[in-house]
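K.L.:
First the structure, then my questions, so here it is.
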Amino acid sequence: MKHPLKLAGLLLASTSLCATSAHAQEVTDLGTIALDPIIIQGLENGAVIDGYRADAISSATRTATPLQQTPQSVQVLSPELLEDQAVTTMSEALGNVSGAQGTIPLQTPAFESTLLRGFPAEFYRDGITSYINTGDANAMAGVERIEVLKGPNAILYGGGVGTPLGGVVNIVTKKPKPENFTELGLTFGTNRYVEPSFDINRQLSDTVLFRMNGSYGRSEADQNVIETDRYSLSPSLTFGYGTDTRLTVEGYLSRWEQQEYQGLPAVGTVAGGFDIDRDLYIGDPDIPDSHTETRKLTFTLEHDFNDQWSNRTQFRYGKNEVEQITQIILSNAPDAGPTDWNLYNSYVPGEQTEYSFNTSFEGHFSTGGWDHVLLFGADYSLIEDYSLMYMDYAGSNDLANPGAWPAWSMPSTLAMGEGNGTYTTSGAFVQMQSSVGRLHLLGGLRLAHLETVYDSAGYSRRDTLEATRLLPRIGAVYDLTDQWSAFASYSEGMKANAFYFYSSMPKPEFSRQTEIGLKYDGGAVSGSIAAFRIERENVPVTDPTDPTYLTSITEGQQRSQGVELDAVWQPGGAWKVTANYAYTDAELTADIPLGAPAGSKLPGVPRHSGGIWADYDTRTTSGEGWRAGAGLHAVSSTPLDQANTYETGGYATVNASASYTQGGTTYALAVKNLLDTEYDLPMYGYMGGRVVPGAERQILFNISRRF
């Protein structure tokens, strides 16, 4: 197994340098001596990371590229950062990323609501689409790190229903290592939170490695009624470790159970002349649990032909199961009286089967004074989706002064017709990275193909879409100095939109992103500032001619633009600081008939957001000792609905944590929302937008031992 970067990574970790393909020079008393170029050909589990900072990752280009030479905004949430902050949800982790709004943790993981740069993001798992992110979407036991790629990543990421729009949240899982260890942990705290976890790694032979990790969580919530049960299990085997051909087989089983939480209506929370109890659970308290489950099997085959050429091939099979059970309200304002709402018993079952395949060849060569990395390959994704919705009127209740709730019973009226969807994406791509001196260029093309078929029994129609398009990606980085570099990039994307009933044949959605920025790596301080603009067209909007308002047409147009800043200060002593800020202006650029005019701001997107985390770490290189940290996360007011009728107020919360390690045992304490700030979050996408009261102060204790 060829890993020439291992030694280079260790040497560079304590300096301000990162590996490049340009010819290096060393100044001595004898003059300037030209050194051989350092060419990155492989990364340890895809990255070079030191503390909170990352020097290089492979997900942005699928090649081992220093971040300073990547013409794109990329943020990496390192293992150390996730551990220091005692992160328990993906939303909490994404608070470290500029312009990111995570999914509400109480939301049923039957659809993904994460936004990047104001537009929907997609979750990938080790570089392959993780369709709608079901199961225990917040399981952290098997997560090595999180990589966030901003904007339409069309060239290299095209699974699911096409190009990720706002960006990709790539979860990099823990892989088998050539060592033997066992780590056991237990977290417990307020709201009867308890989560045991384990991580077992074994070297079975010189070339065979095994690892298995998992967790089980049970907790209550500030809201009445809610109890959550969830678990995840991730076994993996690597064959051929240390050889030219390696095969890793990974399994993933995850399940989530909880009463479905629909949030609270805007009137009675952020608007209206009356108040709804912030802890109210709307609906029959004896309602059955909703659940989602996912099972995945992934094969990754890597082969080094020689020092210059290699291949990586992945295949994944996945099965998702969803069952949503709700006593639902359909309006953000009272619709049955001054403070009364109508309630409907709702049942939504569904399942998805996914097949994903990608292969790519990577080559390194030089021509004249230029160093090149060539990548080419192909991918294919097939998703089969089945869903339907039953709904019956159940009764009404006064949400300001609730009486007895109507009993939930299985509805029998088909509200949305039985739907069978098949989504196929495929593509061939080529990418060239070329460097000479201070200039680093990237260019790529993807021949993308989309094909969707959606049969709707309720509407007695079949919607089909088939489109092929050549998608470009170009970018350049110029090293202004040894510390500063300037970058610019342009990319295009194409996707279909699932989970819509169309009244006319749908069209593919197209997107374009332009980004310019500066990157800085001065050793103690590193980071980037970027200005961006994303435009999308053929967005699904409600058909104004449909009296039921249940069908859509693909005529919408939207735009997001702004500025983002991400930085890490890590001077090499005890201090580590990470900070981020985003200004995001996301709006409609065309009227929605009977909905909202052009210029209306997109729901769920705050104009300003950001945070800072500072950590003081006295631990030795063996991990013994103590550390403590604290941070602040702040968000401005946020629209709840597309018409901008309602909005949440701005807020700021403070978190803190500390830990002590001795003899392989770590004792940790974390306090979330330390000042017990009262705030509201937008529940983006749930029946026109809802309010979710922010979590109250939460105290968590953790004890873990590694042996």
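Residue numbers start at 1 in each chain; chains themselves are named A, B, ... in the order of the structure tokens; ligands are numbered from 1 in the order shown.
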Counting only C-alpha atoms, what is within 12 Å of A:Ala271, bar same-chain residues fewer than 3 positions away, as a PyMOL selection string?
P.N.:
chain A and resi 264-268+274-276+332-334+640+645-649+690-691
K.L.:
Can I get the selected residues back with N, CA, C and O atoms, as a PDB file, in the first residue's frame?
P.N.:
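File written: result.pdb
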ATOM      1  N   LEU A 264     -44.702  23.670  16.197  1.00  0.00           N
ATOM      2  CA  LEU A 264     -45.835  24.478  16.616  1.00  0.00           C
ATOM      3  C   LEU A 264     -46.166  25.476  15.520  1.00  0.00           C
ATOM      4  O   LEU A 264     -45.281  25.901  14.762  1.00  0.00           O
ATOM      5  N   PRO A 265     -47.439  25.884  15.413  1.00  0.00           N
ATOM      6  CA  PRO A 265     -47.799  26.866  14.384  1.00  0.00           C
ATOM      7  C   PRO A 265     -47.197  28.228  14.694  1.00  0.00           C
ATOM      8  O   PRO A 265     -46.881  28.557  15.842  1.00  0.00           O
ATOM      9  N   ALA A 266     -47.055  29.052  13.654  1.00  0.00           N
ATOM     10  CA  ALA A 266     -46.473  30.384  13.835  1.00  0.00           C
ATOM     11  C   ALA A 266     -47.366  31.264  14.705  1.00  0.00           C
ATOM     12  O   ALA A 266     -46.879  32.004  15.567  1.00  0.00           O
ATOM     13  N   VAL A 267     -48.695  31.195  14.472  1.00  0.00           N
ATOM     14  CA  VAL A 267     -49.619  31.981  15.282  1.00  0.00           C
ATOM     15  C   VAL A 267     -49.762  31.303  16.640  1.00  0.00           C
ATOM     16  O   VAL A 267     -50.116  30.133  16.734  1.00  0.00           O
ATOM     17  N   GLY A 268     -49.460  32.040  17.674  1.00  0.00           N
ATOM     18  CA  GLY A 268     -49.440  31.482  19.022  1.00  0.00           C
ATOM     19  C   GLY A 268     -48.028  31.288  19.533  1.00  0.00           C
ATOM     20  O   GLY A 268     -47.829  30.976  20.711  1.00  0.00           O
ATOM     21  N   PHE A 274     -52.094  35.484  21.391  1.00  0.00           N
ATOM     22  CA  PHE A 274     -52.175  34.474  22.445  1.00  0.00           C
ATOM     23  C   PHE A 274     -50.931  33.612  22.383  1.00  0.00           C
ATOM     24  O   PHE A 274     -50.175  33.653  21.397  1.00  0.00           O
ATOM     25  N   ASP A 275     -50.683  32.835  23.432  1.00  0.00           N
ATOM     26  CA  ASP A 275     -49.479  32.015  23.523  1.00  0.00           C
ATOM     27  C   ASP A 275     -49.830  30.541  23.624  1.00  0.00           C
ATOM     28  O   ASP A 275     -50.730  30.144  24.378  1.00  0.00           O
ATOM     29  N   ILE A 276     -49.097  29.744  22.871  1.00  0.00           N
ATOM     30  CA  ILE A 276     -49.172  28.284  22.968  1.00  0.00           C
ATOM     31  C   ILE A 276     -48.011  27.809  23.827  1.00  0.00           C
ATOM     32  O   ILE A 276     -46.883  28.308  23.692  1.00  0.00           O
ATOM     33  N   ASN A 332     -50.849  27.289   9.693  1.00  0.00           N
ATOM     34  CA  ASN A 332     -50.045  28.030  10.657  1.00  0.00           C
ATOM     35  C   ASN A 332     -50.883  28.999  11.479  1.00  0.00           C
ATOM     36  O   ASN A 332     -50.369  29.632  12.400  1.00  0.00           O
ATOM     37  N   ALA A 333     -52.170  29.151  11.134  1.00  0.00           N
ATOM     38  CA  ALA A 333     -53.085  30.021  11.866  1.00  0.00           C
ATOM     39  C   ALA A 333     -54.328  29.223  12.234  1.00  0.00           C
ATOM     40  O   ALA A 333     -54.643  28.206  11.588  1.00  0.00           O
ATOM     41  N   PRO A 334     -55.060  29.636  13.271  1.00  0.00           N
ATOM     42  CA  PRO A 334     -56.268  28.885  13.656  1.00  0.00           C
ATOM     43  C   PRO A 334     -57.231  28.733  12.491  1.00  0.00           C
ATOM     44  O   PRO A 334     -57.497  29.685  11.759  1.00  0.00           O
ATOM     45  N   LEU A 640     -40.174  32.057   8.187  1.00  0.00           N
ATOM     46  CA  LEU A 640     -40.736  30.716   8.378  1.00  0.00           C
ATOM     47  C   LEU A 640     -41.421  30.199   7.126  1.00  0.00           C
ATOM     48  O   LEU A 640     -41.471  28.989   6.910  1.00  0.00           O
ATOM     49  N   THR A 645     -44.612  35.843   5.863  1.00  0.00           N
ATOM     50  CA  THR A 645     -45.630  36.327   6.802  1.00  0.00           C
ATOM     51  C   THR A 645     -45.133  36.249   8.232  1.00  0.00           C
ATOM     52  O   THR A 645     -45.451  37.106   9.066  1.00  0.00           O
ATOM     53  N   TYR A 646     -44.345  35.219   8.523  1.00  0.00           N
ATOM     54  CA  TYR A 646     -43.867  34.980   9.881  1.00  0.00           C
ATOM     55  C   TYR A 646     -42.344  34.813   9.869  1.00  0.00           C
ATOM     56  O   TYR A 646     -41.770  34.373   8.868  1.00  0.00           O
ATOM     57  N   GLU A 647     -41.736  35.134  11.005  1.00  0.00           N
ATOM     58  CA  GLU A 647     -40.307  34.894  11.147  1.00  0.00           C
ATOM     59  C   GLU A 647     -39.962  34.684  12.616  1.00  0.00           C
ATOM     60  O   GLU A 647     -40.651  35.164  13.518  1.00  0.00           O
ATOM     61  N   THR A 648     -38.893  33.925  12.841  1.00  0.00           N
ATOM     62  CA  THR A 648     -38.385  33.749  14.199  1.00  0.00           C
ATOM     63  C   THR A 648     -37.470  34.920  14.545  1.00  0.00           C
ATOM     64  O   THR A 648     -36.947  35.600  13.659  1.00  0.00           O
ATOM     65  N   GLY A 649     -37.258  35.136  15.829  1.00  0.00           N
ATOM     66  CA  GLY A 649     -36.337  36.175  16.257  1.00  0.00           C
ATOM     67  C   GLY A 649     -34.902  35.682  16.264  1.00  0.00           C
ATOM     68  O   GLY A 649     -34.634  34.480  16.243  1.00  0.00           O
ATOM     69  N   ARG A 690     -42.837  25.719  10.263  1.00  0.00           N
ATOM     70  CA  ARG A 690     -43.314  25.696  11.642  1.00  0.00           C
ATOM     71  C   ARG A 690     -42.215  26.210  12.562  1.00  0.00           C
ATOM     72  O   ARG A 690     -41.080  26.418  12.157  1.00  0.00           O
ATOM     73  N   VAL A 691     -42.582  26.368  13.829  1.00  0.00           N
ATOM     74  CA  VAL A 691     -41.653  26.812  14.855  1.00  0.00           C
ATOM     75  C   VAL A 691     -41.319  25.634  15.761  1.00  0.00           C
ATOM     76  O   VAL A 691     -42.199  24.866  16.138  1.00  0.00           O
TER      77      VAL A 691
END
K.L.:
Rank nothing, just name the residue among A:Gln513, A:Asn138, A:Ser609, A:Ser387 nearest to A:Ala154, using only C-alpha atoms.
P.N.:
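That would be A:Gln513, the residue with the smallest distance to A:Ala154.
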K.L.:
Looking at only C-alpha atoms, which of A:Val169, A:Tyr241, A:Leu253, A:Ala668 is the one that sits closest to A:Val97?
P.N.:
A:Val169
K.L.:
Would you mind writing down, as an MDAnalysis selection string, each residue of stretch 131-209 of chain A that DSSP on the backbone assigns to strand (DSSP E or B)?
P.N.:
chainID A and resid 143:150 162 167:173 181:189 193:203 208:209
K.L.:
Output C-alpha atoms for every residue in that selection, as an mmCIF file, in the first residue's frame.
P.N.:
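Below you can see out32.cif, which holds the result:
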data_model
loop_
_atom_site.group_PDB
_atom_site.id
_atom_site.type_symbol
_atom_site.label_atom_id
_atom_site.label_comp_id
_atom_site.auth_asym_id
_atom_site.auth_seq_id
_atom_site.Cartn_x
_atom_site.Cartn_y
_atom_site.Cartn_z
ATOM 1 C CA VAL A 143 -18.239 9.181 12.338
ATOM 2 C CA GLU A 144 -14.551 9.959 11.826
ATOM 3 C CA ARG A 145 -15.090 13.504 10.544
ATOM 4 C CA ILE A 146 -17.511 15.608 8.484
ATOM 5 C CA GLU A 147 -16.518 17.341 5.237
ATOM 6 C CA VAL A 148 -18.718 20.099 3.824
ATOM 7 C CA LEU A 149 -18.421 21.035 0.145
ATOM 8 C CA LYS A 150 -20.281 24.194 -0.867
ATOM 9 C CA GLY A 162 -28.797 14.450 -9.546
ATOM 10 C CA GLY A 167 -23.654 21.426 -1.316
ATOM 11 C CA VAL A 168 -22.553 18.058 0.042
ATOM 12 C CA VAL A 169 -22.220 17.022 3.675
ATOM 13 C CA ASN A 170 -19.878 14.045 3.364
ATOM 14 C CA ILE A 171 -19.724 11.829 6.449
ATOM 15 C CA VAL A 172 -16.388 10.023 6.560
ATOM 16 C CA THR A 173 -16.760 6.879 8.631
ATOM 17 C CA PHE A 181 -7.992 -1.499 20.703
ATOM 18 C CA THR A 182 -11.395 -1.422 22.371
ATOM 19 C CA GLU A 183 -13.161 1.734 23.448
ATOM 20 C CA LEU A 184 -16.309 1.734 25.573
ATOM 21 C CA GLY A 185 -18.312 4.838 26.422
ATOM 22 C CA LEU A 186 -21.422 5.905 28.292
ATOM 23 C CA THR A 187 -23.136 9.295 28.063
ATOM 24 C CA PHE A 188 -26.010 10.261 30.358
ATOM 25 C CA GLY A 189 -27.682 13.481 31.409
ATOM 26 C CA TYR A 193 -30.547 10.926 28.160
ATOM 27 C CA VAL A 194 -28.497 7.731 28.047
ATOM 28 C CA GLU A 195 -26.252 6.496 25.229
ATOM 29 C CA PRO A 196 -23.778 3.620 25.558
ATOM 30 C CA SER A 197 -21.328 3.207 22.672
ATOM 31 C CA PHE A 198 -18.420 0.989 21.638
ATOM 32 C CA ASP A 199 -15.588 0.877 19.106
ATOM 33 C CA ILE A 200 -13.620 -2.346 18.562
ATOM 34 C CA ASN A 201 -10.654 -2.595 16.167
ATOM 35 C CA ARG A 202 -8.577 -5.695 15.460
ATOM 36 C CA GLN A 203 -5.722 -6.559 13.126
ATOM 37 C CA VAL A 208 -6.793 -8.221 7.175
ATOM 38 C CA LEU A 209 -8.293 -5.579 9.486
#
K.L.:
Of the candidates A:Pro544, A:Gly604, A:Gly694, A:Pro506, which one gets nearest to A:Gly118 if we count only C-alpha atoms?
P.N.:
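Ranking A:Pro544, A:Gly604, A:Gly694, A:Pro506 by distance to A:Gly118, first place goes to A:Gly604.
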K.L.:
Of the candidates A:Ala656, A:Ile529, A:Ile104, A:Leu602, which shows the shortest atom-to-atom distance to A:Ala628, using only C-alpha atoms?
P.N.:
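For A:Ala628, the nearest of the given residues is A:Ala656.
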K.L.:
Do you know which residues are at most 9 Å from stretch 672-675 of chain A counting only C-alpha atoms, after dropping those on the same chain fewer than 3 positions away, and could you put them as an mmCIF file with N, CA, C and O atoms, in the first residue's frame?
P.N.:
data_model
loop_
_atom_site.group_PDB
_atom_site.id
_atom_site.type_symbol
_atom_site.label_atom_id
_atom_site.label_comp_id
_atom_site.auth_asym_id
_atom_site.auth_seq_id
_atom_site.Cartn_x
_atom_site.Cartn_y
_atom_site.Cartn_z
ATOM 1 N N THR A 653 -26.695 31.342 21.626
ATOM 2 C CA THR A 653 -26.581 30.342 22.685
ATOM 3 C C THR A 653 -25.111 30.079 22.987
ATOM 4 O O THR A 653 -24.244 30.273 22.131
ATOM 5 N N VAL A 654 -24.853 29.623 24.200
ATOM 6 C CA VAL A 654 -23.497 29.333 24.660
ATOM 7 C C VAL A 654 -23.417 27.869 25.074
ATOM 8 O O VAL A 654 -24.296 27.370 25.796
ATOM 9 N N ASN A 655 -22.389 27.177 24.623
ATOM 10 C CA ASN A 655 -22.096 25.803 25.033
ATOM 11 C C ASN A 655 -20.730 25.755 25.705
ATOM 12 O O ASN A 655 -19.864 26.589 25.428
ATOM 13 N N ALA A 656 -20.524 24.760 26.549
ATOM 14 C CA ALA A 656 -19.229 24.596 27.209
ATOM 15 C C ALA A 656 -18.983 23.120 27.485
ATOM 16 O O ALA A 656 -19.925 22.327 27.594
ATOM 17 N N SER A 657 -17.713 22.757 27.593
ATOM 18 C CA SER A 657 -17.369 21.363 27.901
ATOM 19 C C SER A 657 -15.992 21.306 28.540
ATOM 20 O O SER A 657 -15.173 22.221 28.393
ATOM 21 N N ALA A 695 -33.888 23.890 22.319
ATOM 22 C CA ALA A 695 -33.680 23.044 23.493
ATOM 23 C C ALA A 695 -33.239 23.874 24.688
ATOM 24 O O ALA A 695 -32.425 24.795 24.563
ATOM 25 N N GLU A 696 -33.779 23.544 25.848
ATOM 26 C CA GLU A 696 -33.377 24.193 27.083
ATOM 27 C C GLU A 696 -31.989 23.697 27.496
ATOM 28 O O GLU A 696 -31.390 22.855 26.825
ATOM 29 N N ARG A 697 -31.487 24.225 28.623
ATOM 30 C CA ARG A 697 -30.170 23.805 29.091
ATOM 31 C C ARG A 697 -30.120 22.284 29.248
ATOM 32 O O ARG A 697 -31.016 21.667 29.804
ATOM 33 N N GLN A 698 -29.053 21.691 28.726
ATOM 34 C CA GLN A 698 -28.868 20.244 28.806
ATOM 35 C C GLN A 698 -27.480 19.952 29.359
ATOM 36 O O GLN A 698 -26.494 20.530 28.904
ATOM 37 N N ILE A 699 -27.415 19.072 30.326
ATOM 38 C CA ILE A 699 -26.144 18.687 30.946
ATOM 39 C C ILE A 699 -25.875 17.224 30.625
ATOM 40 O O ILE A 699 -26.736 16.361 30.841
ATOM 41 N N LEU A 700 -24.689 16.940 30.099
ATOM 42 C CA LEU A 700 -24.313 15.581 29.716
ATOM 43 C C LEU A 700 -22.993 15.197 30.369
ATOM 44 O O LEU A 700 -22.038 15.981 30.363
#
K.L.:
Counting only C-alpha atoms, figure out which residue out of A:Gly493, A:Gly337, A:Pro109, A:Pro540 gets nearest to A:Lys507.
P.N.:
A:Pro540
K.L.:
One decimal, Å: what's the distance from atom CA of A:Gly522 over to atom CA of A:Gln483, could you say?
P.N.:
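Answer for the atom CA of A:Gly522 to atom CA of A:Gln483 separation: 5.2 Å.
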K.L.:
Could you please determine the separation between atom CA of A:Asn153 and atom CA of A:Gly166 in Å, to one decimal place?
P.N.:
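Distance reported for this atom pair: 8.8 Å.
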K.L.:
What does the structure give for the distance between atom CA of A:His291 and atom CA of A:Asn213, in Å to one decimal?
P.N.:
22.0 Å
K.L.:
Fewer than 2 positions away in the same chain doesn't count, so skip those; otherwise give me all residues within 12 Å of A:Asn401, counting only C-alpha atoms, as number ranges by chain.
P.N.:
A: 268, 274-277, 280, 282, 338-341, 397-399, 403-405
K.L.:
For A:Gln68, work out the shell of residues within 12 Å, counting only C-alpha atoms and skipping chain neighbours fewer than 6 positions away, then give it as a PyMOL selection string.
P.N.:
chain A and resi 16-21+54-57+60+74-75+438-440+476-487+517-522+526-528
K.L.:
Counting only C-alpha atoms, which residues in stretch 541-561 of chain A sit no more than 9 Å from stretch 581-598 of chain A? For each one, give the nearest pair of atoms and the distance in Å, sorted by chain then residue number, as CSV.
P.N.:
residue,atom,partner,partner_atom,distance
A:Val541,CA,A:Ile592,CA,6.9
A:Thr542,CA,A:Ile592,CA,7.8
A:Asp543,CA,A:Pro593,CA,7.8
A:Pro544,CA,A:Pro593,CA,5.9
A:Glu555,CA,A:Ile592,CA,8.4
A:Gly556,CA,A:Ala590,CA,6.5
A:Gln557,CA,A:Thr589,CA,5.4
A:Gln558,CA,A:Leu588,CA,4.4
A:Arg559,CA,A:Glu587,CA,5.6
A:Ser560,CA,A:Ala586,CA,4.0
A:Gln561,CA,A:Asp585,CA,5.3
K.L.:
Can you write out the residues you just picked, keeping N, CA, C and O atoms, as a compact mmCIF listing (two decimals), in the first residue's frame?
P.N.:
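Here's the written file out33.txt:
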# COMPACT_ATOMS: atom_id res chain seq x y z
N VAL A 541 -43.01 24.53 -7.93
CA VAL A 541 -43.88 25.45 -7.19
C VAL A 541 -45.31 24.96 -7.34
O VAL A 541 -45.65 24.21 -8.27
N THR A 542 -46.18 25.37 -6.42
CA THR A 542 -47.58 24.94 -6.44
C THR A 542 -48.27 25.40 -7.72
O THR A 542 -48.13 26.56 -8.14
N ASP A 543 -49.05 24.50 -8.33
CA ASP A 543 -49.81 24.83 -9.53
C ASP A 543 -51.00 25.71 -9.15
O ASP A 543 -51.90 25.26 -8.43
N PRO A 544 -51.05 26.97 -9.61
CA PRO A 544 -52.14 27.86 -9.21
C PRO A 544 -53.49 27.46 -9.78
O PRO A 544 -54.53 27.94 -9.30
N GLU A 555 -41.63 25.74 -12.53
CA GLU A 555 -41.50 27.07 -13.12
C GLU A 555 -40.80 28.05 -12.19
O GLU A 555 -40.63 29.22 -12.53
N GLY A 556 -40.38 27.63 -11.01
CA GLY A 556 -39.80 28.55 -10.04
C GLY A 556 -38.37 28.93 -10.36
O GLY A 556 -37.63 28.18 -11.01
N GLN A 557 -37.97 30.13 -9.88
CA GLN A 557 -36.60 30.61 -10.03
C GLN A 557 -36.15 31.22 -8.70
O GLN A 557 -36.90 31.96 -8.07
N GLN A 558 -34.93 30.89 -8.29
CA GLN A 558 -34.41 31.35 -7.01
C GLN A 558 -32.94 31.72 -7.16
O GLN A 558 -32.27 31.28 -8.09
N ARG A 559 -32.47 32.54 -6.20
CA ARG A 559 -31.08 32.95 -6.21
C ARG A 559 -30.59 33.12 -4.77
O ARG A 559 -31.31 33.59 -3.91
N SER A 560 -29.35 32.70 -4.54
CA SER A 560 -28.72 32.90 -3.24
C SER A 560 -27.34 33.50 -3.48
O SER A 560 -26.60 33.04 -4.36
N GLN A 561 -26.98 34.50 -2.67
CA GLN A 561 -25.67 35.10 -2.79
C GLN A 561 -25.23 35.58 -1.41
O GLN A 561 -26.05 35.81 -0.52
K.L.:
Write out as a ChimeraX atom specification each polymer residue whose atoms come within 6 Å of stretch 296-310 of chain A, counting only C-alpha atoms; drop sequence neighbours fewer than 4 positions from it.
P.N.:
/A:244-252,314-318,361-364
K.L.:
Find the residue from A:Glu537, A:Thr269, A:Thr620, A:Ala141 that sits nearest to A:Glu83; use only C-alpha atoms when measuring.
P.N.:
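Closest residue, counting only C-alpha atoms: A:Ala141.
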K.L.:
Env of A:Trp256: 12 Å cut, atoms = only C-alpha atoms, seq-sep filter 2 positions within chain, self excluded. Answer as number ranges by chain.
P.N.:
A: 105-110, 133-139, 215-219, 227-232, 253-254, 258-260, 289-294, 320-324
K.L.:
Pick out each residue of stretch 76-154 of chain A that DSSP on the backbone tags as alpha helix (DSSP H); I need them as a VMD selection string.
P.N.:
chain A and resid 79 to 84 90 to 94
